[in-house]
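Novice: Quick one: structure below, then a few questions.
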Amino acid sequence: MLELHLPYPPSVNTLWRRRGSRYYLSKRGKLFREAVRIAVLSMHCPTFTGEVAVEIDVAPPDRMRRDIDNIIKIILDSLQLAKVYHDDSQVASLSVKRVPRDPDTSGGFSIVRIRAIGRKA
């Protein structure tokens with residue numbers, strides 16, 4: 001099993017920006033993708049080739065109300081770009097849970113656990 005400790009992800013509502021008719025990834029989106037890439041590199045993990053189960057615990061940075069489903073896409077896409085798996089269609093099981101935030105930690109956090117389902121790692 002692979003466990004990654006990451007910053008709190010940007011919401012899908014703040015992930016993309018528009019300039020004219022072009023859309024581009026926001027600065028917050030780029031920073032999160034880079035944080036995932038660095039975390040994966042530090043773990044020296046092989047790429048999962050079969051189906052995986054993903055468990056995500058998130059602790060929001062503040063008490064503002066948030067939709068928990070707005071952070072899933074950036075996490076799964078960033079894991080794919082970091083070569084944790086070849087394609088996020090390999091995610092056969094997904095669990096997302098909000099956990100209490102630590103009042104001493106600013107910015108919130110997310111913990112992502114990935115494990116192989118079946119024989120292939």
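Chain lettering (A, B, ...) mirrors the order of the structure tokens, residue numbering begins at 1 for each chain separately, and ligand numbering begins at 1 in order of display.
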What's the 7 Å shell around Thr47 (chain A), counting only C-alpha atoms, without same-chain residues fewer than 4 positions away, as a ChimeraX atom specification?
Specialist: /A:83-85
Novice: Could those selected residues go to a file with N, CA, C and O atoms, as a PDB file, in the first residue's frame?
Specialist:
ATOM      1  N   LYS A  83       2.389   9.233 -12.282  1.00  0.00           N
ATOM      2  CA  LYS A  83       2.648   7.845 -12.680  1.00  0.00           C
ATOM      3  C   LYS A  83       2.448   6.834 -11.552  1.00  0.00           C
ATOM      4  O   LYS A  83       3.126   5.814 -11.489  1.00  0.00           O
ATOM      5  N   VAL A  84       1.501   7.119 -10.656  1.00  0.00           N
ATOM      6  CA  VAL A  84       1.124   6.131  -9.642  1.00  0.00           C
ATOM      7  C   VAL A  84       0.377   4.989 -10.322  1.00  0.00           C
ATOM      8  O   VAL A  84       0.540   3.831  -9.968  1.00  0.00           O
ATOM      9  N   TYR A  85      -0.418   5.329 -11.318  1.00  0.00           N
ATOM     10  CA  TYR A  85      -1.087   4.354 -12.179  1.00  0.00           C
ATOM     11  C   TYR A  85      -1.118   4.928 -13.580  1.00  0.00           C
ATOM     12  O   TYR A  85      -0.847   6.116 -13.778  1.00  0.00           O
TER      13      TYR A  85
END
Novice: May I have the residues within 7 Å of region 26-41 of chain A as a PyMOL selection string, using only C-alpha atoms and disregarding those fewer than 4 positions away in the same chain?
Specialist: chain A and resi 4+6+9-10+15-17+45+78-79+82
Novice: Quick one: residues within 12 Å of region 97-102 of chain A, only C-alpha atoms, excluding same-chain residues fewer than 2 positions away - as a ChimeraX atom specification?
Specialist: /A:8,54-69,71-72,94-95,104-113
Novice: If you run DSSP on this backbone, which residues of region 35-111 of chain A come out as strand (DSSP E), and could you give them as a count of residues only?
Specialist: 19
Novice: Identify, on the basis of only C-alpha atoms, every residue whose closest approach to Asp88 (chain A) does not exceed 8 Å; exclude the query and any residue fewer than 3 positions from it along the same chain; express the result as a ChimeraX atom specification.
Specialist: /A:76-77,80,85,91
Novice: According to DSSP computed on the backbone, where in chain A is there alpha helix (DSSP H)? Give the residues as a ChimeraX atom specification.
Specialist: /A:12-15,27-43,72-81
Novice: Taking C-alpha atoms for each residue, export the selection above as a PDB file, in the first residue's frame.
Specialist:
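result-v6.pdb, written as the output of this step:
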ATOM      1  CA  VAL A  12     -12.768  21.903  -8.939  1.00  0.00           C
ATOM      2  CA  ASN A  13     -14.358  25.378  -8.744  1.00  0.00           C
ATOM      3  CA  THR A  14     -10.895  26.979  -8.516  1.00  0.00           C
ATOM      4  CA  LEU A  15      -8.960  24.466 -10.615  1.00  0.00           C
ATOM      5  CA  LYS A  27      -1.704  28.335  -9.998  1.00  0.00           C
ATOM      6  CA  ARG A  28      -3.217  26.411  -7.077  1.00  0.00           C
ATOM      7  CA  GLY A  29      -3.816  23.449  -9.377  1.00  0.00           C
ATOM      8  CA  LYS A  30      -0.207  23.504 -10.603  1.00  0.00           C
ATOM      9  CA  LEU A  31       1.114  23.718  -7.031  1.00  0.00           C
ATOM     10  CA  PHE A  32      -1.001  20.754  -5.947  1.00  0.00           C
ATOM     11  CA  ARG A  33       0.106  18.640  -8.926  1.00  0.00           C
ATOM     12  CA  GLU A  34       3.718  19.434  -8.098  1.00  0.00           C
ATOM     13  CA  ALA A  35       3.203  18.501  -4.424  1.00  0.00           C
ATOM     14  CA  VAL A  36       1.797  15.127  -5.519  1.00  0.00           C
ATOM     15  CA  ARG A  37       4.693  14.561  -7.931  1.00  0.00           C
ATOM     16  CA  ILE A  38       7.267  15.296  -5.222  1.00  0.00           C
ATOM     17  CA  ALA A  39       5.491  13.068  -2.674  1.00  0.00           C
ATOM     18  CA  VAL A  40       5.352  10.171  -5.156  1.00  0.00           C
ATOM     19  CA  LEU A  41       9.019  10.588  -6.141  1.00  0.00           C
ATOM     20  CA  SER A  42      10.087  10.521  -2.492  1.00  0.00           C
ATOM     21  CA  MET A  43       8.260   7.197  -2.006  1.00  0.00           C
ATOM     22  CA  ILE A  72     -11.603  14.191  -6.074  1.00  0.00           C
ATOM     23  CA  LYS A  73     -10.733  15.017  -9.697  1.00  0.00           C
ATOM     24  CA  ILE A  74      -7.511  16.936  -8.987  1.00  0.00           C
ATOM     25  CA  ILE A  75      -6.295  14.173  -6.668  1.00  0.00           C
ATOM     26  CA  LEU A  76      -6.941  11.324  -9.119  1.00  0.00           C
ATOM     27  CA  ASP A  77      -5.598  13.255 -12.128  1.00  0.00           C
ATOM     28  CA  SER A  78      -2.466  14.298 -10.212  1.00  0.00           C
ATOM     29  CA  LEU A  79      -1.789  10.700  -9.186  1.00  0.00           C
ATOM     30  CA  GLN A  80      -2.019   9.676 -12.841  1.00  0.00           C
ATOM     31  CA  LEU A  81       0.370  12.460 -13.931  1.00  0.00           C
TER      32      LEU A  81
END
Novice: Set the distance at 10 Å and use only C-alpha atoms: which residues neighbour Gln90 (chain A) once local chain neighbours fewer than 3 positions away are removed? I'd like the list as an mmCIF file with C-alpha atoms, in the first residue's frame.
Specialist:
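What follows is the written file out_9.cif:
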data_model
loop_
_atom_site.group_PDB
_atom_site.id
_atom_site.type_symbol
_atom_site.label_atom_id
_atom_site.label_comp_id
_atom_site.auth_asym_id
_atom_site.auth_seq_id
_atom_site.Cartn_x
_atom_site.Cartn_y
_atom_site.Cartn_z
ATOM 1 C CA PHE A 48 0.299 0.183 -10.390
ATOM 2 C CA THR A 49 -0.719 -1.737 -13.511
ATOM 3 C CA GLY A 50 -3.980 -3.304 -12.384
ATOM 4 C CA GLU A 51 -7.049 -2.050 -10.576
ATOM 5 C CA VAL A 52 -6.546 -0.049 -7.401
ATOM 6 C CA ALA A 53 -8.534 1.026 -4.376
ATOM 7 C CA GLN A 80 -2.019 9.676 -12.841
ATOM 8 C CA TYR A 85 -1.087 4.354 -12.179
ATOM 9 C CA HIS A 86 -1.400 4.546 -15.956
ATOM 10 C CA ASP A 87 -4.963 5.854 -16.041
ATOM 11 C CA SER A 93 -12.883 1.552 -5.483
ATOM 12 C CA ALA A 116 -3.647 -2.924 -5.550
ATOM 13 C CA ILE A 117 -6.795 -4.989 -5.974
#
Novice: In Å, with one decimal, what is the gap from CA of His44 (chain A) to CA of Leu25 (chain A)?
Specialist: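 Between CA of His44 (chain A) and CA of Leu25 (chain A) the gap works out to 26.6 Å.
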